[in-house]
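Only one structure is covered here, and it is reproduced in the block below.
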Amino acid sequence: MNWPHSVTPEALLKKAREAQQAAYVPYSRFPVGAALLTAEGTVILGCNVENASYGLSICAERNALTTAVALGERHFVAIAVVGRHGEPCLPCGACRQFMAEFNAAFFVVLEEGTESLLYRLDLDLLPHPFVLEGAFPLEA
Ligand SMILES: [Zn+2]
């Protein structure tokens, strides 16, 4: 798989591990960190944030994406996600759809043992995302 950036998957995983430290997980005790890479090389961090009303909890991936959009970023190439050490922490369905909004060919970097594991969103994780027919974003 052709990695699209000079920031390496391993460097991105390291940043995701840093982000994980900030996770707010009093209910699941399952901290997750995400590091989102923009086309320009900016890395934006996210962690999961839980709530006593469980359905309001937000995943690390969507936290990173919403933070990035609030910072004016829209062009993303990859995201690294970490949970338990050495185990792949696959994004949930909601996060996969959320990523597809911005880049259907998103690279997703996970950890497997001490190695990095690469997926591409459109090929491996979400081949047929929901698309609203006739609706076009105001700005791509
Ligand atoms: Zn999720």
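Naming scheme: A, B, ... for chains in displayed order of the structure tokens; residues 1 onward per chain; ligands 1 onward as shown.
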For Pro9 of chain A: contacts at 8 Å, only C-alpha atoms, fewer than 3 positions along chain excluded, given as an NGL selection string: :A and (12-13 or 80 or 109 or 116)
Can you check which parts of chain A lie within 9 Å of ligand 1? Per residue, the shortest pair of atoms and distance in Å to one decimal, counting only C-alpha atoms and all ligand atoms, sorted by chain and number, as JSON lines.
{"residue": "A:Asn48", "atom": "CA", "partner": "ligand 1", "partner_atom_place_in_ligand_line": "1 (Zn)", "distance": 8.6}
{"residue": "A:Ile58", "atom": "CA", "partner": "ligand 1", "partner_atom_place_in_ligand_line": "1 (Zn)", "distance": 7.1}
{"residue": "A:Cys59", "atom": "CA", "partner": "ligand 1", "partner_atom_place_in_ligand_line": "1 (Zn)", "distance": 4.5}
{"residue": "A:Ala60", "atom": "CA", "partner": "ligand 1", "partner_atom_place_in_ligand_line": "1 (Zn)", "distance": 6.9}
{"residue": "A:Glu61", "atom": "CA", "partner": "ligand 1", "partner_atom_place_in_ligand_line": "1 (Zn)", "distance": 6.2}
{"residue": "A:Arg62", "atom": "CA", "partner": "ligand 1", "partner_atom_place_in_ligand_line": "1 (Zn)", "distance": 6.6}
{"residue": "A:Leu90", "atom": "CA", "partner": "ligand 1", "partner_atom_place_in_ligand_line": "1 (Zn)", "distance": 8.5}
{"residue": "A:Pro91", "atom": "CA", "partner": "ligand 1", "partner_atom_place_in_ligand_line": "1 (Zn)", "distance": 5.1}
{"residue": "A:Cys92", "atom": "CA", "partner": "ligand 1", "partner_atom_place_in_ligand_line": "1 (Zn)", "distance": 4.1}
{"residue": "A:Gly93", "atom": "CA", "partner": "ligand 1", "partner_atom_place_in_ligand_line": "1 (Zn)", "distance": 6.4}
{"residue": "A:Ala94", "atom": "CA", "partner": "ligand 1", "partner_atom_place_in_ligand_line": "1 (Zn)", "distance": 5.4}
{"residue": "A:Cys95", "atom": "CA", "partner": "ligand 1", "partner_atom_place_in_ligand_line": "1 (Zn)", "distance": 4.2}
{"residue": "A:Arg96", "atom": "CA", "partner": "ligand 1", "partner_atom_place_in_ligand_line": "1 (Zn)", "distance": 7.3}
{"residue": "A:Phe98", "atom": "CA", "partner": "ligand 1", "partner_atom_place_in_ligand_line": "1 (Zn)", "distance": 8.8}
Residue contacts of Tyr119 of chain A (8 Å, only C-alpha atoms) excluding same-chain residues fewer than 4 positions away, as JSON, numbers by chain: {"A": [107, 108, 109, 123, 124, 125]}
Could those selected residues go to a file with N, CA and C atoms, as an mmCIF file, in the first residue's frame?
data_model
loop_
_atom_site.group_PDB
_atom_site.id
_atom_site.type_symbol
_atom_site.label_atom_id
_atom_site.label_comp_id
_atom_site.auth_asym_id
_atom_site.auth_seq_id
_atom_site.Cartn_x
_atom_site.Cartn_y
_atom_site.Cartn_z
ATOM 1 N N PHE A 107 -6.468 6.685 4.857
ATOM 2 C CA PHE A 107 -5.637 5.608 5.407
ATOM 3 C C PHE A 107 -5.888 5.514 6.904
ATOM 4 N N VAL A 108 -6.061 4.329 7.389
ATOM 5 C CA VAL A 108 -6.279 4.097 8.816
ATOM 6 C C VAL A 108 -5.109 3.252 9.318
ATOM 7 N N VAL A 109 -4.400 3.790 10.311
ATOM 8 C CA VAL A 109 -3.216 3.123 10.853
ATOM 9 C C VAL A 109 -3.562 2.555 12.221
ATOM 10 N N LEU A 123 -11.338 0.641 0.561
ATOM 11 C CA LEU A 123 -11.060 -0.724 0.114
ATOM 12 C C LEU A 123 -11.322 -1.757 1.204
ATOM 13 N N ASP A 124 -11.054 -1.384 2.438
ATOM 14 C CA ASP A 124 -11.063 -2.374 3.514
ATOM 15 C C ASP A 124 -12.163 -2.185 4.557
ATOM 16 N N LEU A 125 -12.512 -0.944 4.856
ATOM 17 C CA LEU A 125 -13.351 -0.707 6.027
ATOM 18 C C LEU A 125 -14.748 -0.195 5.717
#
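Take the candidates A:Leu132, A:Ala64, A:Arg84, A:Val69 and check each one against Leu45 of chain A using only C-alpha atoms; the shortest distance goes to A:Ala64.
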Separation of atom CA of Val131 of chain A from atom CA of Glu101 of chain A in Å: 8.5 Å
So that I can check the secondary structure, give me every residue of segment 86-116 of chain A assigned helix (DSSP H, G or I) by backbone DSSP, as an mmCIF file with all heavy atoms, in the first residue's frame.
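File produced: out.cif:
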data_model
loop_
_atom_site.group_PDB
_atom_site.id
_atom_site.type_symbol
_atom_site.label_atom_id
_atom_site.label_comp_id
_atom_site.auth_asym_id
_atom_site.auth_seq_id
_atom_site.Cartn_x
_atom_site.Cartn_y
_atom_site.Cartn_z
ATOM 1 N N GLY A 93 -18.477 1.929 13.110
ATOM 2 C CA GLY A 93 -19.165 2.279 11.874
ATOM 3 C C GLY A 93 -19.436 3.766 11.742
ATOM 4 O O GLY A 93 -19.301 4.344 10.657
ATOM 5 N N ALA A 94 -19.822 4.397 12.853
ATOM 6 C CA ALA A 94 -20.105 5.841 12.805
ATOM 7 C C ALA A 94 -18.852 6.613 12.401
ATOM 8 O O ALA A 94 -18.906 7.529 11.580
ATOM 9 C CB ALA A 94 -20.615 6.315 14.162
ATOM 10 N N CYS A 95 -17.725 6.254 12.964
ATOM 11 C CA CYS A 95 -16.474 6.951 12.629
ATOM 12 C C CYS A 95 -16.054 6.700 11.190
ATOM 13 O O CYS A 95 -15.528 7.591 10.522
ATOM 14 C CB CYS A 95 -15.374 6.550 13.602
ATOM 15 S SG CYS A 95 -15.609 7.258 15.251
ATOM 16 N N ARG A 96 -16.286 5.492 10.695
ATOM 17 C CA ARG A 96 -15.939 5.206 9.297
ATOM 18 C C ARG A 96 -16.751 6.096 8.356
ATOM 19 O O ARG A 96 -16.224 6.668 7.403
ATOM 20 C CB ARG A 96 -16.198 3.724 8.991
ATOM 21 C CG ARG A 96 -15.289 2.805 9.771
ATOM 22 C CD ARG A 96 -15.592 1.341 9.521
ATOM 23 N NE ARG A 96 -14.976 0.527 10.567
ATOM 24 C CZ ARG A 96 -14.743 -0.765 10.469
ATOM 25 N NH1 ARG A 96 -15.066 -1.430 9.381
ATOM 26 N NH2 ARG A 96 -14.173 -1.417 11.462
ATOM 27 N N GLN A 97 -18.037 6.225 8.620
ATOM 28 C CA GLN A 97 -18.875 7.099 7.798
ATOM 29 C C GLN A 97 -18.437 8.557 7.933
ATOM 30 O O GLN A 97 -18.413 9.311 6.963
ATOM 31 C CB GLN A 97 -20.342 6.945 8.220
ATOM 32 C CG GLN A 97 -21.307 7.858 7.486
ATOM 33 C CD GLN A 97 -21.472 7.505 6.006
ATOM 34 O OE1 GLN A 97 -21.490 6.331 5.641
ATOM 35 N NE2 GLN A 97 -21.578 8.521 5.159
ATOM 36 N N PHE A 98 -18.065 8.946 9.122
ATOM 37 C CA PHE A 98 -17.627 10.321 9.384
ATOM 38 C C PHE A 98 -16.351 10.627 8.599
ATOM 39 O O PHE A 98 -16.198 11.710 8.030
ATOM 40 C CB PHE A 98 -17.374 10.470 10.887
ATOM 41 C CG PHE A 98 -17.686 11.832 11.439
ATOM 42 C CD1 PHE A 98 -18.979 12.180 11.788
ATOM 43 C CD2 PHE A 98 -16.679 12.767 11.628
ATOM 44 C CE1 PHE A 98 -19.265 13.438 12.310
ATOM 45 C CE2 PHE A 98 -16.950 14.016 12.149
ATOM 46 C CZ PHE A 98 -18.248 14.360 12.489
ATOM 47 N N MET A 99 -15.430 9.663 8.543
ATOM 48 C CA MET A 99 -14.194 9.833 7.764
ATOM 49 C C MET A 99 -14.510 9.947 6.282
ATOM 50 O O MET A 99 -13.938 10.778 5.575
ATOM 51 C CB MET A 99 -13.272 8.624 7.965
ATOM 52 C CG MET A 99 -12.666 8.508 9.326
ATOM 53 S SD MET A 99 -11.736 6.950 9.385
ATOM 54 C CE MET A 99 -11.710 6.695 11.142
ATOM 55 N N ALA A 100 -15.435 9.120 5.802
ATOM 56 C CA ALA A 100 -15.754 9.072 4.368
ATOM 57 C C ALA A 100 -16.294 10.410 3.881
ATOM 58 O O ALA A 100 -16.171 10.737 2.695
ATOM 59 C CB ALA A 100 -16.759 7.959 4.082
#
Nearby residues (only C-alpha atoms) at most 12 Å from Asn51 of chain A, same-chain spacing under 3 positions excluded, as JSON, numbers by chain: {"A": [23, 24, 25, 26, 27, 28, 48, 54, 55, 56, 57, 58, 59]}
How about saving the chosen residues, N, CA, C and O atoms kept, as a PDB file, in the first residue's frame?
ATOM      1  N   ALA A  23      -7.806  10.731  27.401  1.00  0.00           N
ATOM      2  CA  ALA A  23      -9.145  10.129  27.294  1.00  0.00           C
ATOM      3  C   ALA A  23      -9.916  10.239  28.608  1.00  0.00           C
ATOM      4  O   ALA A  23      -9.347  10.081  29.694  1.00  0.00           O
ATOM      5  N   TYR A  24     -11.215  10.515  28.484  1.00  0.00           N
ATOM      6  CA  TYR A  24     -12.103  10.592  29.649  1.00  0.00           C
ATOM      7  C   TYR A  24     -13.039   9.390  29.582  1.00  0.00           C
ATOM      8  O   TYR A  24     -14.001   9.369  28.804  1.00  0.00           O
ATOM      9  N   VAL A  25     -12.705   8.347  30.329  1.00  0.00           N
ATOM     10  CA  VAL A  25     -13.405   7.069  30.187  1.00  0.00           C
ATOM     11  C   VAL A  25     -13.767   6.454  31.545  1.00  0.00           C
ATOM     12  O   VAL A  25     -13.382   5.329  31.847  1.00  0.00           O
ATOM     13  N   PRO A  26     -14.534   7.174  32.382  1.00  0.00           N
ATOM     14  CA  PRO A  26     -14.854   6.634  33.704  1.00  0.00           C
ATOM     15  C   PRO A  26     -15.794   5.429  33.646  1.00  0.00           C
ATOM     16  O   PRO A  26     -15.890   4.690  34.630  1.00  0.00           O
ATOM     17  N   TYR A  27     -16.469   5.199  32.536  1.00  0.00           N
ATOM     18  CA  TYR A  27     -17.461   4.117  32.455  1.00  0.00           C
ATOM     19  C   TYR A  27     -16.876   2.866  31.813  1.00  0.00           C
ATOM     20  O   TYR A  27     -16.973   1.785  32.380  1.00  0.00           O
ATOM     21  N   SER A  28     -16.262   2.998  30.656  1.00  0.00           N
ATOM     22  CA  SER A  28     -15.715   1.811  29.972  1.00  0.00           C
ATOM     23  C   SER A  28     -14.298   1.479  30.427  1.00  0.00           C
ATOM     24  O   SER A  28     -13.869   0.344  30.298  1.00  0.00           O
ATOM     25  N   ASN A  48     -11.244   9.601  23.211  1.00  0.00           N
ATOM     26  CA  ASN A  48     -12.663   9.381  23.480  1.00  0.00           C
ATOM     27  C   ASN A  48     -13.074  10.105  24.753  1.00  0.00           C
ATOM     28  O   ASN A  48     -12.298  10.241  25.697  1.00  0.00           O
ATOM     29  N   TYR A  54     -24.749   7.507  28.249  1.00  0.00           N
ATOM     30  CA  TYR A  54     -23.758   6.813  27.412  1.00  0.00           C
ATOM     31  C   TYR A  54     -23.795   7.180  25.935  1.00  0.00           C
ATOM     32  O   TYR A  54     -22.767   7.294  25.291  1.00  0.00           O
ATOM     33  N   GLY A  55     -24.995   7.371  25.399  1.00  0.00           N
ATOM     34  CA  GLY A  55     -25.127   7.641  23.973  1.00  0.00           C
ATOM     35  C   GLY A  55     -24.492   8.948  23.531  1.00  0.00           C
ATOM     36  O   GLY A  55     -24.277   9.173  22.356  1.00  0.00           O
ATOM     37  N   LEU A  56     -24.188   9.807  24.465  1.00  0.00           N
ATOM     38  CA  LEU A  56     -23.553  11.086  24.131  1.00  0.00           C
ATOM     39  C   LEU A  56     -22.048  10.985  23.996  1.00  0.00           C
ATOM     40  O   LEU A  56     -21.391  11.935  23.567  1.00  0.00           O
ATOM     41  N   SER A  57     -21.494   9.852  24.372  1.00  0.00           N
ATOM     42  CA  SER A  57     -20.034   9.681  24.310  1.00  0.00           C
ATOM     43  C   SER A  57     -19.554   9.841  22.881  1.00  0.00           C
ATOM     44  O   SER A  57     -20.273   9.531  21.931  1.00  0.00           O
ATOM     45  N   ILE A  58     -18.326  10.339  22.744  1.00  0.00           N
ATOM     46  CA  ILE A  58     -17.777  10.511  21.395  1.00  0.00           C
ATOM     47  C   ILE A  58     -16.458   9.760  21.288  1.00  0.00           C
ATOM     48  O   ILE A  58     -15.666   9.726  22.231  1.00  0.00           O
ATOM     49  N   CYS A  59     -16.253   9.162  20.128  1.00  0.00           N
ATOM     50  CA  CYS A  59     -15.036   8.387  19.882  1.00  0.00           C
ATOM     51  C   CYS A  59     -13.857   9.327  19.614  1.00  0.00           C
ATOM     52  O   CYS A  59     -14.030  10.478  19.205  1.00  0.00           O
TER      53      CYS A  59
END
Nearest residue to Gly83 of chain A from the set A:Thr8, A:Thr66, A:Gln21, A:Asn2 (distances using only C-alpha atoms):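 Of A:Thr8, A:Thr66, A:Gln21, A:Asn2, the one nearest Gly83 of chain A is A:Gln21, counting only C-alpha atoms.
Every protein, DNA or RNA residue with an atom at most 9 Å from Ala16 of chain A, where only C-alpha atoms count and chain neighbours fewer than 5 positions away do not, is listed here: Ala11, Val32, Gly33, Ala34, Ala35, Leu36, Leu45, Gly46, Cys47, Ile79, Ala80, Val81 and Val82 of chain A.
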Between atom CA of Ala70 of chain A and atom CA of Arg29 of chain A - distance in Å to one decimal: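 If I compute the distance from atom CA of Arg29 of chain A to atom CA of Ala70 of chain A, I get 27.5 Å.
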All residues 9 Å or closer to Glu115 of chain A, only C-alpha atoms, same chain fewer than 5 positions away omitted, as a list in words: Glu10, Gly86 and Leu110 of chain A
Atom CA of Phe106 of chain A to atom CA of Leu71 of chain A, distance in Å rounded to a single decimal: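 Atom-to-atom, atom CA of Phe106 of chain A and atom CA of Leu71 of chain A are spaced 19.3 Å apart.
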Contacts of segment 37-39 of chain A within 9 Å, only C-alpha atoms, excl. fewer than 2 positions in-chain, as a VMD selection string: chain A and resid 4 to 5 7 12 35 41 to 44 68 73 to 80
